[in-house]
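J.: Have a look at the structure that comes next, please.
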Amino acid sequence: MKSKLVSQDDGVKTHVVVLDKGEEAFEALTKYVNDAGIAAASLTAIGAFERATVAFYKYETRSYKEIPVGEPSEVLSLLGDVAVGDDGKAGLHVHAVLGLADGSVRGGHFLKGIVRPTLEVILTETPARLRRKKRDDLGTDRSGRGVETRRRF
């Protein structure tokens with residue numbers, strides 16, 4: 001991973017983060033935002049994955065249905081935010097649209113992706129702190145935690 005703070009104006013900071021082949025994107029970006037002390041940001045990215053997993057939230061069952069993407073894909077869109085959770089750590093909430101070789105797409109809540117060959121990420125950090133609040137009435141995510149759906153400023 002390479003990163004650089006490319007601009008800073010009125011408390012808004014723009015970070016460019018480039019992930020390398022073989023890195024797991026969700027884990028690497030979560031580590032980066034926590035190491036950099038980022039508490040609120042928007043995130044966009046393009047690049048490609050060797051394989052990835054997205055998920056679809058099923059309100060009826062209050063759970064995520066994982067959708068494995070076991071083939072190379074182009075990251076057509078990776079959008080999300082960074083907010084501090086109930087545990088005091090910054091976390092990501094990211095959605096992805098992944099393009100396959102035949103022109104079809106897979107999309108949903110981004111869970112993981114093995115980078116190949118690169119992933120170019122722009123993080124726009126704001127001076128405000130965002131807090132992510134768990135809503136147990138919406139069920140749990142794959143780790144058994146309450147689904148995060150509220151943002152507080």
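Ligands are numbered from 1 in the order shown, chains are lettered A, B, ... in the order of the structure tokens, and residues start at 1 in each chain.
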Show me, as a list in words, the residues that have an atom within 7 Å of region 76-84 of chain A when counting only C-alpha atoms, minus same-chain residues fewer than 5 positions from it.

T.: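 Non-adjacent residues within range: Ala39, Ala40, Ala41, Ser42, Leu43, Thr44, Ala45, Ile46, Lys89, Ala90, Gly91, Leu92, His93, Val94, His95, Ala96, Val97, Leu98, Gly99, Leu130, Arg131 and Arg132 of chain A.
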
J.: For the residues selected in the previous step, produce a file with N, CA and C atoms as an mmCIF file, in the first residue's frame.

T.:
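This went into again12.cif:
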data_model
loop_
_atom_site.group_PDB
_atom_site.id
_atom_site.type_symbol
_atom_site.label_atom_id
_atom_site.label_comp_id
_atom_site.auth_asym_id
_atom_site.auth_seq_id
_atom_site.Cartn_x
_atom_site.Cartn_y
_atom_site.Cartn_z
ATOM 1 N N ALA A 39 -11.813 9.914 11.396
ATOM 2 C CA ALA A 39 -13.064 9.623 12.089
ATOM 3 C C ALA A 39 -14.293 9.869 11.225
ATOM 4 N N ALA A 40 -14.119 10.584 10.103
ATOM 5 C CA ALA A 40 -15.237 10.864 9.197
ATOM 6 C C ALA A 40 -14.679 11.115 7.810
ATOM 7 N N ALA A 41 -15.181 10.376 6.839
ATOM 8 C CA ALA A 41 -14.696 10.548 5.469
ATOM 9 C C ALA A 41 -15.658 9.903 4.489
ATOM 10 N N SER A 42 -15.571 10.353 3.240
ATOM 11 C CA SER A 42 -16.221 9.638 2.148
ATOM 12 C C SER A 42 -15.125 8.915 1.384
ATOM 13 N N LEU A 43 -15.513 7.864 0.682
ATOM 14 C CA LEU A 43 -14.549 6.996 0.022
ATOM 15 C C LEU A 43 -15.057 6.672 -1.374
ATOM 16 N N THR A 44 -14.172 6.760 -2.357
ATOM 17 C CA THR A 44 -14.452 6.285 -3.709
ATOM 18 C C THR A 44 -13.231 5.530 -4.185
ATOM 19 N N ALA A 45 -13.448 4.551 -5.077
ATOM 20 C CA ALA A 45 -12.310 3.790 -5.581
ATOM 21 C C ALA A 45 -12.636 3.147 -6.916
ATOM 22 N N ILE A 46 -11.574 2.905 -7.690
ATOM 23 C CA ILE A 46 -11.646 2.108 -8.906
ATOM 24 C C ILE A 46 -10.431 1.203 -8.932
ATOM 25 N N LYS A 89 -13.763 2.684 17.341
ATOM 26 C CA LYS A 89 -12.861 2.548 16.194
ATOM 27 C C LYS A 89 -13.576 2.967 14.915
ATOM 28 N N ALA A 90 -12.793 3.491 13.981
ATOM 29 C CA ALA A 90 -13.345 3.860 12.683
ATOM 30 C C ALA A 90 -13.631 2.604 11.881
ATOM 31 N N GLY A 91 -14.749 2.609 11.197
ATOM 32 C CA GLY A 91 -15.123 1.486 10.351
ATOM 33 C C GLY A 91 -15.634 1.976 9.013
ATOM 34 N N LEU A 92 -15.678 1.075 8.056
ATOM 35 C CA LEU A 92 -16.126 1.394 6.708
ATOM 36 C C LEU A 92 -17.536 0.886 6.469
ATOM 37 N N HIS A 93 -18.300 1.626 5.693
ATOM 38 C CA HIS A 93 -19.565 1.148 5.137
ATOM 39 C C HIS A 93 -19.458 1.436 3.652
ATOM 40 N N VAL A 94 -19.307 0.366 2.854
ATOM 41 C CA VAL A 94 -18.967 0.517 1.443
ATOM 42 C C VAL A 94 -19.870 -0.373 0.590
ATOM 43 N N HIS A 95 -20.291 0.158 -0.550
ATOM 44 C CA HIS A 95 -21.029 -0.608 -1.549
ATOM 45 C C HIS A 95 -20.186 -0.694 -2.809
ATOM 46 N N ALA A 96 -20.342 -1.793 -3.562
ATOM 47 C CA ALA A 96 -19.525 -2.030 -4.747
ATOM 48 C C ALA A 96 -20.375 -2.455 -5.934
ATOM 49 N N VAL A 97 -19.934 -2.042 -7.120
ATOM 50 C CA VAL A 97 -20.430 -2.578 -8.381
ATOM 51 C C VAL A 97 -19.208 -3.138 -9.090
ATOM 52 N N LEU A 98 -19.232 -4.446 -9.342
ATOM 53 C CA LEU A 98 -18.092 -5.139 -9.938
ATOM 54 C C LEU A 98 -18.478 -5.656 -11.316
ATOM 55 N N GLY A 99 -17.673 -5.323 -12.333
ATOM 56 C CA GLY A 99 -17.929 -5.757 -13.696
ATOM 57 C C GLY A 99 -17.159 -7.025 -14.018
ATOM 58 N N LEU A 130 -18.173 11.477 12.524
ATOM 59 C CA LEU A 130 -19.386 10.697 12.284
ATOM 60 C C LEU A 130 -19.398 9.533 13.256
ATOM 61 N N ARG A 131 -20.566 9.248 13.818
ATOM 62 C CA ARG A 131 -20.734 8.090 14.703
ATOM 63 C C ARG A 131 -21.696 7.132 14.047
ATOM 64 N N ARG A 132 -21.363 5.867 14.080
ATOM 65 C CA ARG A 132 -22.213 4.816 13.541
ATOM 66 C C ARG A 132 -22.932 4.174 14.719
#

J.: Would you mind writing down, as number ranges by chain, each residue of region 26-103 of chain A that DSSP on the backbone assigns to strand (DSSP E)?

T.: A: 40-58, 63-69, 73-84, 90-99

J.: Write the residues of the preceding selection, restricted to C-alpha atoms, as a PDB file, in the first residue's frame.

T.:
ATOM      1  CA  ALA A  40     -15.237  10.864   9.197  1.00  0.00           C
ATOM      2  CA  ALA A  41     -14.696  10.548   5.469  1.00  0.00           C
ATOM      3  CA  SER A  42     -16.221   9.638   2.148  1.00  0.00           C
ATOM      4  CA  LEU A  43     -14.549   6.996   0.022  1.00  0.00           C
ATOM      5  CA  THR A  44     -14.452   6.285  -3.709  1.00  0.00           C
ATOM      6  CA  ALA A  45     -12.310   3.790  -5.581  1.00  0.00           C
ATOM      7  CA  ILE A  46     -11.646   2.108  -8.906  1.00  0.00           C
ATOM      8  CA  GLY A  47      -9.397  -0.790  -9.815  1.00  0.00           C
ATOM      9  CA  ALA A  48      -9.750  -4.547  -9.989  1.00  0.00           C
ATOM     10  CA  PHE A  49     -10.085  -7.655  -7.839  1.00  0.00           C
ATOM     11  CA  GLU A  50      -8.923 -11.219  -8.295  1.00  0.00           C
ATOM     12  CA  ARG A  51     -11.964 -12.288  -6.274  1.00  0.00           C
ATOM     13  CA  ALA A  52     -14.377 -10.522  -3.963  1.00  0.00           C
ATOM     14  CA  THR A  53     -17.479 -10.882  -1.802  1.00  0.00           C
ATOM     15  CA  VAL A  54     -20.444  -8.538  -1.708  1.00  0.00           C
ATOM     16  CA  ALA A  55     -23.721  -9.009   0.156  1.00  0.00           C
ATOM     17  CA  PHE A  56     -27.381  -8.145  -0.072  1.00  0.00           C
ATOM     18  CA  TYR A  57     -29.315  -7.199   3.062  1.00  0.00           C
ATOM     19  CA  LYS A  58     -32.557  -9.159   3.326  1.00  0.00           C
ATOM     20  CA  SER A  63     -29.396 -10.779   7.646  1.00  0.00           C
ATOM     21  CA  TYR A  64     -26.964 -10.445   4.778  1.00  0.00           C
ATOM     22  CA  LYS A  65     -26.863 -12.919   1.906  1.00  0.00           C
ATOM     23  CA  GLU A  66     -23.246 -13.173   0.783  1.00  0.00           C
ATOM     24  CA  ILE A  67     -22.570 -13.099  -2.946  1.00  0.00           C
ATOM     25  CA  PRO A  68     -19.125 -14.516  -3.759  1.00  0.00           C
ATOM     26  CA  VAL A  69     -17.458 -13.233  -6.923  1.00  0.00           C
ATOM     27  CA  SER A  73     -13.646  -8.232 -11.774  1.00  0.00           C
ATOM     28  CA  GLU A  74     -13.248  -4.561 -12.568  1.00  0.00           C
ATOM     29  CA  VAL A  75     -14.220  -2.234  -9.745  1.00  0.00           C
ATOM     30  CA  LEU A  76     -16.690  -0.067 -11.633  1.00  0.00           C
ATOM     31  CA  SER A  77     -17.752   1.744  -8.481  1.00  0.00           C
ATOM     32  CA  LEU A  78     -16.746   1.491  -4.842  1.00  0.00           C
ATOM     33  CA  LEU A  79     -18.508   4.108  -2.696  1.00  0.00           C
ATOM     34  CA  GLY A  80     -18.822   4.511   1.017  1.00  0.00           C
ATOM     35  CA  ASP A  81     -18.031   6.325   4.199  1.00  0.00           C
ATOM     36  CA  VAL A  82     -15.944   6.134   7.325  1.00  0.00           C
ATOM     37  CA  ALA A  83     -17.501   6.608  10.757  1.00  0.00           C
ATOM     38  CA  VAL A  84     -16.626   5.728  14.336  1.00  0.00           C
ATOM     39  CA  ALA A  90     -13.345   3.860  12.683  1.00  0.00           C
ATOM     40  CA  GLY A  91     -15.123   1.486  10.351  1.00  0.00           C
ATOM     41  CA  LEU A  92     -16.126   1.394   6.708  1.00  0.00           C
ATOM     42  CA  HIS A  93     -19.565   1.148   5.137  1.00  0.00           C
ATOM     43  CA  VAL A  94     -18.967   0.517   1.443  1.00  0.00           C
ATOM     44  CA  HIS A  95     -21.029  -0.608  -1.549  1.00  0.00           C
ATOM     45  CA  ALA A  96     -19.525  -2.030  -4.747  1.00  0.00           C
ATOM     46  CA  VAL A  97     -20.430  -2.578  -8.381  1.00  0.00           C
ATOM     47  CA  LEU A  98     -18.092  -5.139  -9.938  1.00  0.00           C
ATOM     48  CA  GLY A  99     -17.929  -5.757 -13.696  1.00  0.00           C
TER      49      GLY A  99
END

J.: For Glu27 (chain A), work out the shell of residues within 12 Å, counting only C-alpha atoms and skipping chain neighbours fewer than 5 positions away, then give it as a VMD selection string.

T.: chain A and resid 1 19 22 32 to 34 90 to 92 110 to 115

J.: If DSSP is run on the backbone, what residues of chain A are helix (DSSP H, G or I)? A reply as a ChimeraX atom specification would be ideal.

T.: /A:25-35

J.: Quick one: residues within 7 Å of Lys13 (chain A), only C-alpha atoms counted, chain neighbours fewer than 6 positions away excluded, as a tab-separated table (two decimals) with N, CA and C atoms, in the first residue's frame?

T.:
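Listed below is the output, result08.tsv:
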chain	number	residue	atom	x	y	z
A	7	SER	N	-4.09	16.96	-0.39
A	7	SER	CA	-4.56	18.33	-0.18
A	7	SER	C	-5.15	18.46	1.21
A	124	THR	N	-11.88	11.35	1.34
A	124	THR	CA	-12.05	12.78	1.63
A	124	THR	C	-12.47	12.90	3.08
A	125	GLU	N	-11.51	13.29	3.89
A	125	GLU	CA	-11.71	13.38	5.35
A	125	GLU	C	-12.30	14.74	5.70
A	126	THR	N	-13.31	14.72	6.55
A	126	THR	CA	-13.93	15.96	7.01
A	126	THR	C	-13.60	16.19	8.48

J.: Quick one, how far is CA of Gly107 (chain A) from CA of Lys2 (chain A)?

T.: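 Interatomic distance here is 26.4 Å.
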
J.: Work out how far apart CA of Phe26 (chain A) and CA of Tyr59 (chain A) are and give it in Å to one decimal.

T.: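 So the answer is 23.7 Å.
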
J.: What is the CA of Glu120 (chain A) to CA of Ile38 (chain A) distance in Å?

T.: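 Distance between the two atoms: 17.9 Å.
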